[in-house]
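Some notes on the structure that comes next.
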Protein chains: 4
Amino acid sequence: MKNTFGSSVTLTLFGESHGPEIGAVLDGLAPGIPVDEARIAHQLSLRRPVGRISTSRVEPDPFRIVSGLFEGKTTGTPLCILIPNTNTRSADYQRELPRPGHADYTAECKYHGFADYRGGGHFSGRLTAPLVAAGAILLSALEAKGICIGTHILQLENVRDRAFGELAEDISALRERVFPVLSPEAASSMQAAIEVAAGEGDSVGGILESAVIGLPEGVGEPWFDTVEGLLAHALFSIPAVKGVEFGAGFGFAAMRGSEANDPFCVREGRILTATNHNGGVNGGITNGMPVLFRTAVKPTPSIFKEQTSVDLGTGKEATLSLRGRHDPAILHRARVVVDSIAALVLCDLLALRFGTDYFLPSGNA
Amino acid sequence: MKNTFGSSVTLTLFGESHGPEIGAVLDGLAPGIPVDEARIAHQLSLRRPVGRISTSRVEPDPFRIVSGLFEGKTTGTPLCILIPNTNTRSADYQRELPRPGHADYTAECKYHGFADYRGGGHFSGRLTAPLVAAGAILLSALEAKGICIGTHILQLENVRDRAFGELAEDISALRERVFPVLSPEAASSMQAAIEVAAGEGDSVGGILESAVIGLPEGVGEPWFDTVEGLLAHALFSIPAVKGVEFGAGFGFAAMRGSEANDPFCVREGRILTATNHNGGVNGGITNGMPVLFRTAVKPTPSIFKEQTSVDLGTGKEATLSLRGRHDPAILHRARVVVDSIAALVLCDLLALRFGTDYFLPSGNA
Amino acid sequence: MKNTFGSSVTLTLFGESHGPEIGAVLDGLAPGIPVDEARIAHQLSLRRPVGRISTSRVEPDPFRIVSGLFEGKTTGTPLCILIPNTNTRSADYQRELPRPGHADYTAECKYHGFADYRGGGHFSGRLTAPLVAAGAILLSALEAKGICIGTHILQLENVRDRAFGELAEDISALRERVFPVLSPEAASSMQAAIEVAAGEGDSVGGILESAVIGLPEGVGEPWFDTVEGLLAHALFSIPAVKGVEFGAGFGFAAMRGSEANDPFCVREGRILTATNHNGGVNGGITNGMPVLFRTAVKPTPSIFKEQTSVDLGTGKEATLSLRGRHDPAILHRARVVVDSIAALVLCDLLALRFGTDYFLPSGNA
Amino acid sequence: MKNTFGSSVTLTLFGESHGPEIGAVLDGLAPGIPVDEARIAHQLSLRRPVGRISTSRVEPDPFRIVSGLFEGKTTGTPLCILIPNTNTRSADYQRELPRPGHADYTAECKYHGFADYRGGGHFSGRLTAPLVAAGAILLSALEAKGICIGTHILQLENVRDRAFGELAEDISALRERVFPVLSPEAASSMQAAIEVAAGEGDSVGGILESAVIGLPEGVGEPWFDTVEGLLAHALFSIPAVKGVEFGAGFGFAAMRGSEANDPFCVREGRILTATNHNGGVNGGITNGMPVLFRTAVKPTPSIFKEQTSVDLGTGKEATLSLRGRHDPAILHRARVVVDSIAALVLCDLLALRFGTDYFLPSGNA
């Protein structure tokens with residue numbers, strides 16, 4: 001399935017960076033869920049570029065929900081969100097020279113020269129705007145069931161944030177932060193690092209770390225549709241994501257089984273694990289502990305430094321000097337995308353496990 | 001979809017560690033592909049435990065293909081491979097005390113106590129045997145199209161192998177190696193490390209690194225069904241896999257865009273990239289360069305050191321001392337599983353892109 | 001998958017009869033296909049109500065394509081078509097009394113009272129407008145490959161049209177006919193029958209008969225994804241469709257094998273069958289003969305005669321007298337919906353069989 | 001998806017008529033469901049040929065369940081059923097002359113001559129044996145929830161059975177009948193008609209009629225995954241099925257809306273409909289009334305009368321005289337296949353709607 005993800009709760013994305021409108025169709029979500037347009041606007045504002053550390057293409061994202069919404073609540077039928085593209089400068093883009101690290105060249109290969117190349121077309125990070133708008137509804141639905149998701153920038157170039165501490169608090173604090181970092185010192189250092197890179201016409205990458213609390217145990221499948229596999233599948237759609245790990249992840253490589261295994265314990269009558277190196281998932285299935293994962297984000301490929309490309313017309317190597325408006329870092333903007341993607345995967349898994357009425361507000365069944 | 005993966009070429013797994021037979025149904029593969037039973041046996045032998053560094057449960061894996069095979073070739077209809085379980089010691093397992101780091105507890109949660117718990121049941125690494133058998137057919141089909149996959153142990157505990165060099169040569173060399181490492185010194189050190197851990201009743205983890213050469217460009221989708229997303233989805237099914245990264249992966253975090261971007265170049269008339277930090281994929285779509293990925297494997301959770309668990313009968317914490325036969329390391333055995341999973345994902349993507357006759361031996365269309 | 005159909009070429013429908021906009025996302029179609037907006041407008045005009053035999057709700061259907069279209073051709077990425085709802089009279093509808101034969105009551109059951117009930121909401125035949133718009137593009141893509149689809153009203157109440165004769169000619173003639181009947185006499189009698197029923201505040205049903213010519217042989221699957229099964233699956237989505245048959249269909253019941261079997265023959269070097277009782281499909285797979293199917297359409301449930309319903313508020317039986325604008329027959333309008341649905345299923349099957357570039361205009365691969 | 005059907009509860013079929021074993025993998029069914037092997041054997045016996053009205057290929061069908069079963073109950077993991085093929089006479093089949101009305105020729109087209117042609121290979125009705133075995137488990141799971149399915153031969157050639165009367169009684173009576181007809185006179189006449197046709201080396205077709213009682217309302221989707229669409233999709237897989245209709249089906253063509261609409265009524269506090277012309281489904285969704293459908297079955301294509309075929313080797317027309325063992329009628333054997341397919345579709349729909357624990361025996365959640 002191409003631009004659609006999910007089995008029971010699904011999301012379909014459409015649009016191009018410089019087309020008239022982009023959008024998403026969210027299907028399969030229970031009826032009766034209040035749609036808080038202020039929350040959607042807030043989530044979109046967190047995705048929007050900010051100040052010197054982002055592109056100067058600023059868009060107010062005036063979304064419209066044209067279906068699936070009635071009297072302020074989801075109807076249970078497909079909900080389509082549309083966002084017009086207004087602030088586009090197509091002249092900044094040219095078909096002939098594909099940008100290194102971008103999808104320009106692979107889009108040519110796949111679509112035989114018919115893709116809308118302007119601004120990255122369908123591959124543009126711009127497509128994450130309707131995803132974030134839909135994600136806001138999904139995040140609300142999860143929160144109504146006591147499930148919360150939060151993401152911070154764990155690492156940006158060589159600066160690291162502090163580790164997650166008390167999860168409920170940290171997740172709550174991140175919700176309002178435009179630059180999603182737990183330690184104020186790390187935030188300043190990271191922003192400084194972005195400005196240095198931007199000043200050199202360059203860009204930076206980093207690692208996002210996410211936590212999900214409140215998930216019931218017993219969700220996921222042993223083979224193929226593991227919680228990890230589904231989350232990773234969807235997360236790799238986010239432009240620039242090149243790695244996903246759960247719990248100790250790649251850190252497991254240097255560990256012994258005796259350190260890595262999470263001993264079971266009983267706390268207030270519930271079976272938990274004393275540590276959480278496995279990130280809340282065993283055998284592909286949630287164990288009731290927080291689900292923890294990290295996402296590697298490569299440096300934004302659109303940089304202003306001169307690069308070598310190939311002219312697709314002549315077939316000869318050529319020098320590329322990018323103009324236009326580009327982000328020197330996207331980590332702070334990508335985090336709401338990570339939260340939204342995670343919300344989609346989890347809503348789908350929960351609806352598959354517990355039925356399509358799982359998210360129906362209580363008292364309506 | 002639960003124990004089935006793929007859209008056009010699909011694999012369905014069934015069986016439990018101590019049930020009568022385990023198996024796989026491979027569907028959607030083109031007709032006319034020669035099925036080399038010696039190759040299947042060879043791949044199974046690479047998955048089988050070896051010497052002191054593996055479990056002492058040795059099984060000859062006498063597979064039977066009961067459908068989809070006619071006169072030595074695939075028919076195009078579902079091919080079912082069965083492998084009997086013979087060498088089982090069910091008495092080594094007990095329902096009450098879930099093993100830390102294992103799926104025992106999550107299986108209880110999900111299946112409400114009805115799962116076959118013996119030997120990990122359906123969650124057992126044993127299920128990878130039919131997957132590897134099916135994978136042997138898929139790998140042959142890919143090779144007939146010039147596409148080769150190879151995996152080595154990049155890291156085991158703190159020992160690292162050399163990086164991939166000339167890929168065609170390295171992949172070819174790995175094909176025959178029981179302990180899949182490129183540098184002989186690394187091989188000895190790794191095996192020594194396994195023996196040390198085993199001697200302490202403990203286990204080790206590590207990182208597998210894989211390369212795919214010969215893939216055509218233009219394969220994969222921009223959103224959701226990216227090459228990275230599909231590979232990761234399937235790879236996370238392998239028991240103990242907790243991280244997947246492509247190209248520079250988590251290493252991108254500390255890079256600048258100017259280092260990370262792969263400049264385009266022209267070599268013998270083909271458009272390539274001078275470096276391959278992106279691991280052969282841009283925007284979710286292959287660019288014609290080798291696809292490179294790494295898989296983090298946690299230490300085998302079955303260790304002989306005493307651990308803390310919870311008695312599911314009494315609900316009280318209890319001490320667990322494992323008996324039975326368990327691997328102190330599974331990296332060397334897991335690599336054919338990684339190759340097989342990757343073969344499945346790629347065959348599926350290629351058949352979706354180029355049609356179900358893509359793998360039909362030439363001259364038969 | 002809820003409001004999405006297809007594997008390789010997919011269509012997602014969204015919208016409600018009285019919401020701001022309805023639409024469809026068409027995904028997976030090859031790039032480079034010319035999008036003829038006049039053809040879309042023509043197909044929409046065939047779906048639009050005409051004269052005394054239809055509802056008086058007339059809508060110009062000013063569609064907008066907001067994605068997946070660049071320089072007049074498909075890009076290969078999702079194509080979203082939007083159609084605003086303008087001419088709505090919501091006051092004609094009331095939640096409390098579900099209309100017999102309609103989805104009003106089942107919508108209440110499924111969506112727990114949160115569905116947009118106005119005008120049938122998401123269940124409205126209005127949703128077929130974007131489906132027909134997308135179908136116009138699919139039909140053009142098929143025609144470029146020599147595959148044509150045509151549908152006529154075989155029976156309306158007790159009036160029957162003549163059987164299909166020379167298929168290419170009949171299909172071509174139907175393309176321009178607003179009232180899709182092969183025999184002019186049948187057309188007059190059918191329209192008269194509709195007017196009689198309308199005059200009595202009643203409605204009529206009938207049978208649509210369709211033919212597809214030019215399909216290659218070898219398309220479809222032996223189990224589950226048979227050509228018949230996929231077509232039927234999609235056709236039953238059309239509101240009011242209650243039966244689907246292929247070839248002789250239910251007529252097979254009274255036949256002997258010796259009559260029913262289609263003898264093979266050789267015509268101009270091609271293997272064909274002398275008769276086509278099987279409607280071009282054997283074992284779920286096309287045999288190169290025209291695919292023939294018939295669709296039973298029940299009388300429009302919205303009638304002006306008094307009916308018995310149940311007040312969902314009080315739980316008591318109550319008399320329902322419909323107001324509003326309703327079709328006394330939808331057969332003539334439904335035929336482009338049947339053609340569009342068939343085009344979707346066939347494009348999907350062909351892309352699965354021959355790859356996603358199957359519909360790429362020649363010379364662009 | 002090729003030989004797999006379903007989303008939450010799925011069935012995968014594999015095998016060929018003359019291969020070593022055929023089988024099915026049933027996945028996604030809840031754990032804890034008692035597996036009654038006697039019921040499976042009974043259902044298989046109803047599918048087995050009987051006396052003079054069937055093929056003389058009689059097979060005891062000694063099935064084996066090799067996975068997904070533990071201590072007599074489903075585990076929740078994939079359940080694989082295997083049935084060996086023992087009584088095969090491959091010499092009766094020849095590749096060169098495709099049988100009219102059969103899949104022999106389309107199999108050649110699709111599989112390029114590599115299919116196992118013996119006995120129809122993967123297209124053989126023999127594949128319905130594992131489907132019926134799996135269906136027995138599904139039917140039991142449904143019955144435990146109060147949902148029962150029954151099918152009778154409504155018409156065979158020109159003989160008609162009486163219509164369904166009191167459904168619970170009729171369904172119960174059919175369960176034990178080898179020749180599934182409600183009226184004893186019709187049964188005799190039908191069997192006589194089969195013998196007449198068989199005596200002439202010919203075969204007969206007919207219509208099966210099915211009823212499902214006890215289904216909850218609110219199951220199914222408005223577009224695409226309608227109850228009708230999903231049932232039809234799966235039913236068309238059954239070899240020889242060429243038509244599917246719901247409620248009045250094709251009979252709606254001659255009805256007026258005022259006759260066709262089912263007025264709502266209140267009976268013992270429940271909202272029902274006074275008639276059931278819509279067969280229990282409105283807008284694709286169950287309304288709580290019995291689901292009623294009819295399946296058109298064409299005459300068995302394997303007849304002993306001489307027929308015209310084409311020699312695929314020489315490309316010339318040739319006369320075909322079939323030998324071997326073939327059924328003059330399959331309606332009586334097909335009914336358990338219809339019941340099994342319907343059970344699969346309904347279990348899938350119910351698990352999607354109410355979650356994967358829907359069929360978990362009460363008291364185990």
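Going by the structure tokens order, chains are called A, B, ..., each with residues numbered from 1, while ligands are numbered from 1 in the order shown.
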Tell me, as a short mmCIF file (atom, residue, chain, number, x, y, z; two decimals) with N, CA and C atoms, in the first residue's frame, which residues lie within 8 Å of range 113-116 of chain D, counting only C-alpha atoms; anything in the same chain fewer than 4 positions away does not count.
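Listing of selection-v3.cif after writing:
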data_model
loop_
_atom_site.label_atom_id
_atom_site.label_comp_id
_atom_site.auth_asym_id
_atom_site.auth_seq_id
_atom_site.Cartn_x
_atom_site.Cartn_y
_atom_site.Cartn_z
N PRO B 31 6.57 -18.51 -11.40
CA PRO B 31 6.78 -19.92 -11.74
C PRO B 31 8.13 -20.10 -12.44
N GLY B 32 8.56 -21.35 -12.49
CA GLY B 32 9.74 -21.69 -13.30
C GLY B 32 11.07 -21.47 -12.63
N GLY B 68 3.52 -26.39 -4.48
CA GLY B 68 4.14 -25.28 -5.20
C GLY B 68 5.42 -25.65 -5.93
N LEU B 69 5.74 -26.92 -5.96
CA LEU B 69 6.96 -27.40 -6.61
C LEU B 69 6.58 -28.52 -7.56
N PHE B 70 7.04 -28.41 -8.81
CA PHE B 70 6.70 -29.45 -9.79
C PHE B 70 7.89 -29.61 -10.73
N LYS B 73 10.84 -27.20 -10.14
CA LYS B 73 10.72 -25.74 -10.28
C LYS B 73 9.48 -25.23 -9.56
N THR B 74 9.51 -23.95 -9.23
CA THR B 74 8.31 -23.36 -8.63
C THR B 74 7.19 -23.38 -9.66
N THR B 75 5.96 -23.56 -9.14
CA THR B 75 4.79 -23.57 -10.03
C THR B 75 4.16 -22.19 -10.13
N GLY B 76 4.46 -21.33 -9.18
CA GLY B 76 3.79 -20.03 -9.11
C GLY B 76 2.67 -20.03 -8.08
N THR B 77 2.28 -21.20 -7.63
CA THR B 77 1.25 -21.31 -6.59
C THR B 77 1.97 -21.50 -5.24
N GLU D 16 -1.67 -28.89 -4.17
CA GLU D 16 -2.15 -29.26 -5.49
C GLU D 16 -2.84 -30.62 -5.39
N ALA D 107 -4.47 -21.42 -16.39
CA ALA D 107 -3.29 -21.76 -15.59
C ALA D 107 -2.04 -21.74 -16.48
N GLU D 108 -2.17 -22.25 -17.68
CA GLU D 108 -1.04 -22.21 -18.62
C GLU D 108 -0.63 -20.77 -18.91
N CYS D 109 -1.64 -19.93 -19.14
CA CYS D 109 -1.37 -18.52 -19.45
C CYS D 109 -0.65 -17.84 -18.29
N GLY D 120 -5.94 -30.79 -12.10
CA GLY D 120 -6.33 -29.40 -11.90
C GLY D 120 -5.36 -28.65 -10.99
N GLY D 121 -4.40 -29.40 -10.44
CA GLY D 121 -3.35 -28.78 -9.62
C GLY D 121 -3.91 -27.96 -8.48
N HIS D 122 -3.45 -26.73 -8.39
CA HIS D 122 -3.85 -25.83 -7.31
C HIS D 122 -5.29 -25.34 -7.49
#
**Asked** Contacts of Val336 in chain A at 8 Å or less, counting only C-alpha atoms, minus same-chain residues fewer than 2 places along, as a list in words?
**Response**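 Contacts, with the query itself left out: Gln43, Leu46, Arg47, Val132, Thr151, Arg333, Ala334, Val338, Asp339 and Ser340 of chain A.
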**Request:** Could you give me, as JSON, numbers by chain, each residue of range 12-255 of chain D that DSSP assigns to helix (DSSP H, G or I) when run on this structure's backbone?
**Result:** {"D": [37, 38, 39, 40, 41, 42, 43, 44, 45, 46, 47, 51, 52, 53, 90, 91, 92, 104, 105, 106, 107, 108, 109, 110, 111, 118, 119, 120, 121, 122, 123, 125, 126, 127, 128, 129, 130, 131, 132, 133, 134, 135, 136, 137, 138, 139, 140, 141, 142, 143, 144, 167, 168, 169, 170, 171, 172, 173, 174, 175, 176, 184, 185, 186, 187, 188, 189, 190, 191, 192, 193, 194, 195, 196, 197, 198, 199, 227, 228, 229, 230, 231, 232, 233, 234, 235, 249, 250, 251, 252, 253, 254]}
For C-alpha atoms, I'd like the residues from the last selection saved as a PDB file, in the first residue's frame.
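Ended up saving to again05.pdb:
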ATOM      1  CA  GLU D  37     -11.690 -33.009  15.779  1.00  0.00           C
ATOM      2  CA  ALA D  38     -14.914 -34.987  15.388  1.00  0.00           C
ATOM      3  CA  ARG D  39     -16.616 -31.868  14.069  1.00  0.00           C
ATOM      4  CA  ILE D  40     -13.797 -31.363  11.577  1.00  0.00           C
ATOM      5  CA  ALA D  41     -14.119 -34.983  10.467  1.00  0.00           C
ATOM      6  CA  HIS D  42     -17.889 -34.553  10.155  1.00  0.00           C
ATOM      7  CA  GLN D  43     -17.567 -31.465   8.014  1.00  0.00           C
ATOM      8  CA  LEU D  44     -14.983 -33.204   5.833  1.00  0.00           C
ATOM      9  CA  SER D  45     -17.350 -36.141   5.467  1.00  0.00           C
ATOM     10  CA  LEU D  46     -20.043 -33.773   4.156  1.00  0.00           C
ATOM     11  CA  ARG D  47     -17.585 -32.521   1.546  1.00  0.00           C
ATOM     12  CA  GLY D  51     -22.471 -42.826  -3.793  1.00  0.00           C
ATOM     13  CA  ARG D  52     -23.441 -42.672  -7.402  1.00  0.00           C
ATOM     14  CA  ILE D  53     -23.920 -38.913  -7.481  1.00  0.00           C
ATOM     15  CA  SER D  90      -2.120 -38.768 -12.294  1.00  0.00           C
ATOM     16  CA  ALA D  91      -2.090 -40.748 -15.515  1.00  0.00           C
ATOM     17  CA  ASP D  92      -5.698 -39.673 -16.037  1.00  0.00           C
ATOM     18  CA  ASP D 104      -6.353 -25.636 -17.383  1.00  0.00           C
ATOM     19  CA  TYR D 105      -5.840 -23.043 -20.090  1.00  0.00           C
ATOM     20  CA  THR D 106      -5.767 -19.964 -17.861  1.00  0.00           C
ATOM     21  CA  ALA D 107      -3.288 -21.756 -15.593  1.00  0.00           C
ATOM     22  CA  GLU D 108      -1.038 -22.211 -18.625  1.00  0.00           C
ATOM     23  CA  CYS D 109      -1.367 -18.516 -19.454  1.00  0.00           C
ATOM     24  CA  LYS D 110      -0.642 -17.345 -15.936  1.00  0.00           C
ATOM     25  CA  TYR D 111       2.045 -19.827 -14.947  1.00  0.00           C
ATOM     26  CA  ARG D 118      -2.364 -33.027 -12.720  1.00  0.00           C
ATOM     27  CA  GLY D 119      -5.949 -33.129 -11.505  1.00  0.00           C
ATOM     28  CA  GLY D 120      -6.333 -29.398 -11.897  1.00  0.00           C
ATOM     29  CA  GLY D 121      -3.352 -28.782  -9.622  1.00  0.00           C
ATOM     30  CA  HIS D 122      -3.846 -25.830  -7.310  1.00  0.00           C
ATOM     31  CA  PHE D 123      -7.209 -25.069  -8.969  1.00  0.00           C
ATOM     32  CA  GLY D 125     -11.812 -28.528  -5.792  1.00  0.00           C
ATOM     33  CA  ARG D 126      -9.631 -30.765  -3.641  1.00  0.00           C
ATOM     34  CA  LEU D 127      -8.204 -27.585  -2.095  1.00  0.00           C
ATOM     35  CA  THR D 128     -11.554 -27.029  -0.444  1.00  0.00           C
ATOM     36  CA  ALA D 129     -10.843 -29.917   1.936  1.00  0.00           C
ATOM     37  CA  PRO D 130      -8.435 -27.968   4.194  1.00  0.00           C
ATOM     38  CA  LEU D 131     -10.726 -24.963   3.843  1.00  0.00           C
ATOM     39  CA  VAL D 132     -13.599 -27.055   5.197  1.00  0.00           C
ATOM     40  CA  ALA D 133     -11.421 -28.406   7.991  1.00  0.00           C
ATOM     41  CA  ALA D 134     -10.483 -24.869   9.049  1.00  0.00           C
ATOM     42  CA  GLY D 135     -14.093 -23.841   8.548  1.00  0.00           C
ATOM     43  CA  ALA D 136     -15.227 -26.400  11.109  1.00  0.00           C
ATOM     44  CA  ILE D 137     -13.216 -24.557  13.761  1.00  0.00           C
ATOM     45  CA  LEU D 138     -14.566 -21.198  12.643  1.00  0.00           C
ATOM     46  CA  LEU D 139     -18.146 -22.472  12.636  1.00  0.00           C
ATOM     47  CA  SER D 140     -17.712 -23.732  16.193  1.00  0.00           C
ATOM     48  CA  ALA D 141     -16.311 -20.370  17.270  1.00  0.00           C
ATOM     49  CA  LEU D 142     -19.316 -18.621  15.739  1.00  0.00           C
ATOM     50  CA  GLU D 143     -21.784 -21.021  17.291  1.00  0.00           C
ATOM     51  CA  ALA D 144     -20.306 -20.339  20.714  1.00  0.00           C
ATOM     52  CA  LEU D 167     -34.277 -20.623  10.173  1.00  0.00           C
ATOM     53  CA  ALA D 168     -32.869 -22.029  13.426  1.00  0.00           C
ATOM     54  CA  GLU D 169     -34.625 -25.323  12.789  1.00  0.00           C
ATOM     55  CA  ASP D 170     -33.722 -25.542   9.143  1.00  0.00           C
ATOM     56  CA  ILE D 171     -30.071 -24.738   9.818  1.00  0.00           C
ATOM     57  CA  SER D 172     -29.951 -27.331  12.547  1.00  0.00           C
ATOM     58  CA  ALA D 173     -31.533 -29.988  10.334  1.00  0.00           C
ATOM     59  CA  LEU D 174     -29.131 -29.278   7.484  1.00  0.00           C
ATOM     60  CA  ARG D 175     -26.140 -29.822   9.716  1.00  0.00           C
ATOM     61  CA  GLU D 176     -26.519 -33.585   9.622  1.00  0.00           C
ATOM     62  CA  PRO D 184     -37.368 -34.804   1.030  1.00  0.00           C
ATOM     63  CA  GLU D 185     -39.200 -34.853  -2.325  1.00  0.00           C
ATOM     64  CA  ALA D 186     -36.855 -32.277  -3.766  1.00  0.00           C
ATOM     65  CA  ALA D 187     -33.938 -34.351  -2.520  1.00  0.00           C
ATOM     66  CA  SER D 188     -35.118 -37.427  -4.425  1.00  0.00           C
ATOM     67  CA  SER D 189     -35.841 -35.472  -7.585  1.00  0.00           C
ATOM     68  CA  MET D 190     -32.459 -33.766  -7.452  1.00  0.00           C
ATOM     69  CA  GLN D 191     -30.593 -37.018  -6.967  1.00  0.00           C
ATOM     70  CA  ALA D 192     -32.535 -38.527  -9.842  1.00  0.00           C
ATOM     71  CA  ALA D 193     -31.614 -35.564 -12.027  1.00  0.00           C
ATOM     72  CA  ILE D 194     -27.951 -36.032 -11.164  1.00  0.00           C
ATOM     73  CA  GLU D 195     -28.114 -39.705 -12.084  1.00  0.00           C
ATOM     74  CA  VAL D 196     -29.750 -38.913 -15.395  1.00  0.00           C
ATOM     75  CA  ALA D 197     -27.052 -36.390 -16.250  1.00  0.00           C
ATOM     76  CA  ALA D 198     -24.316 -38.754 -15.070  1.00  0.00           C
ATOM     77  CA  GLY D 199     -25.787 -41.506 -17.238  1.00  0.00           C
ATOM     78  CA  VAL D 227     -20.626  -7.459   4.257  1.00  0.00           C
ATOM     79  CA  GLU D 228     -21.905  -8.299   0.786  1.00  0.00           C
ATOM     80  CA  GLY D 229     -18.652  -7.385  -0.927  1.00  0.00           C
ATOM     81  CA  LEU D 230     -16.500  -9.418   1.423  1.00  0.00           C
ATOM     82  CA  LEU D 231     -18.745 -12.480   1.315  1.00  0.00           C
ATOM     83  CA  ALA D 232     -18.952 -12.314  -2.471  1.00  0.00           C
ATOM     84  CA  HIS D 233     -15.199 -11.813  -2.781  1.00  0.00           C
ATOM     85  CA  ALA D 234     -14.523 -14.999  -0.881  1.00  0.00           C
ATOM     86  CA  LEU D 235     -17.416 -17.036  -2.326  1.00  0.00           C
ATOM     87  CA  GLY D 249     -30.912 -10.250  -5.279  1.00  0.00           C
ATOM     88  CA  PHE D 250     -31.643 -10.294  -9.006  1.00  0.00           C
ATOM     89  CA  GLY D 251     -35.289 -10.511  -8.070  1.00  0.00           C
ATOM     90  CA  PHE D 252     -35.112  -6.843  -7.047  1.00  0.00           C
ATOM     91  CA  ALA D 253     -35.038  -5.973 -10.746  1.00  0.00           C
ATOM     92  CA  ALA D 254     -38.762  -6.498 -11.143  1.00  0.00           C
TER      93      ALA D 254
END
Using only C-alpha atoms, find each residue of chain A with at least one atom at most 6 Å away from an atom of chain D; report its shortest atom-to-atom pair and that distance in Å (one decimal), sort the rows by chain and rising residue number, and return the result as JSON lines.
{"residue": "A:Leu352", "atom": "CA", "partner": "D:Gly355", "partner_atom": "CA", "distance": 5.9}
{"residue": "A:Arg353", "atom": "CA", "partner": "D:Gly355", "partner_atom": "CA", "distance": 4.9}
{"residue": "A:Phe354", "atom": "CA", "partner": "D:Gly355", "partner_atom": "CA", "distance": 4.0}
{"residue": "A:Gly355", "atom": "CA", "partner": "D:Gly355", "partner_atom": "CA", "distance": 3.7}
{"residue": "A:Thr356", "atom": "CA", "partner": "D:Arg353", "partner_atom": "CA", "distance": 5.3}
Can I get the selection written as an mmCIF file, in the first residue's frame, with C-alpha atoms?
data_model
loop_
_atom_site.group_PDB
_atom_site.id
_atom_site.type_symbol
_atom_site.label_atom_id
_atom_site.label_comp_id
_atom_site.auth_asym_id
_atom_site.auth_seq_id
_atom_site.Cartn_x
_atom_site.Cartn_y
_atom_site.Cartn_z
ATOM 1 C CA LEU A 352 -7.059 -4.183 15.898
ATOM 2 C CA ARG A 353 -6.614 -5.666 19.356
ATOM 3 C CA PHE A 354 -9.655 -4.282 21.145
ATOM 4 C CA GLY A 355 -12.035 -3.456 18.298
ATOM 5 C CA THR A 356 -13.043 -0.325 16.442
#
**Request:** Would you mind listing what lies within 7 Å of Gly201 in chain D as a ChimeraX atom specification, with only C-alpha atoms counted and same-chain residues fewer than 5 positions away left out?
**Result:** /D:303-305
**Message:** So that I can check the secondary structure, give me every residue of range 237-329 of chain D assigned strand (DSSP E) by backbone DSSP, as a PyMOL selection string.
**Reply:** chain D and resi 241-246+264-267+270-273+281-282+285-286+291-297+307-311+316-320
**Request:** Quick one: pull the distance between CA of Lys2 in chain A and CA of Val345 in chain A, Å, one decimal.
**Result:** 15.8 Å
**Message:** I want to know what sits within 12 Å of Gly205 in chain D, based on only C-alpha atoms, with residues of the same chain fewer than 3 positions away left out; could you give that as number ranges by chain?
**Reply:** C: 248-261; D: 153-159, 190, 193-194, 197, 202, 208, 240-243, 295-301, 327-332, 334
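Taking CA of Phe264 in chain B as the reference point, CA of Leu292 in chain B is found at 17.6 Å.
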**Atom pair CA of Asp262 in chain D / CA of Val181 in chain D: separation (Å)** =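 About the pair CA of Asp262 in chain D and CA of Val181 in chain D: they are 27.5 Å apart.
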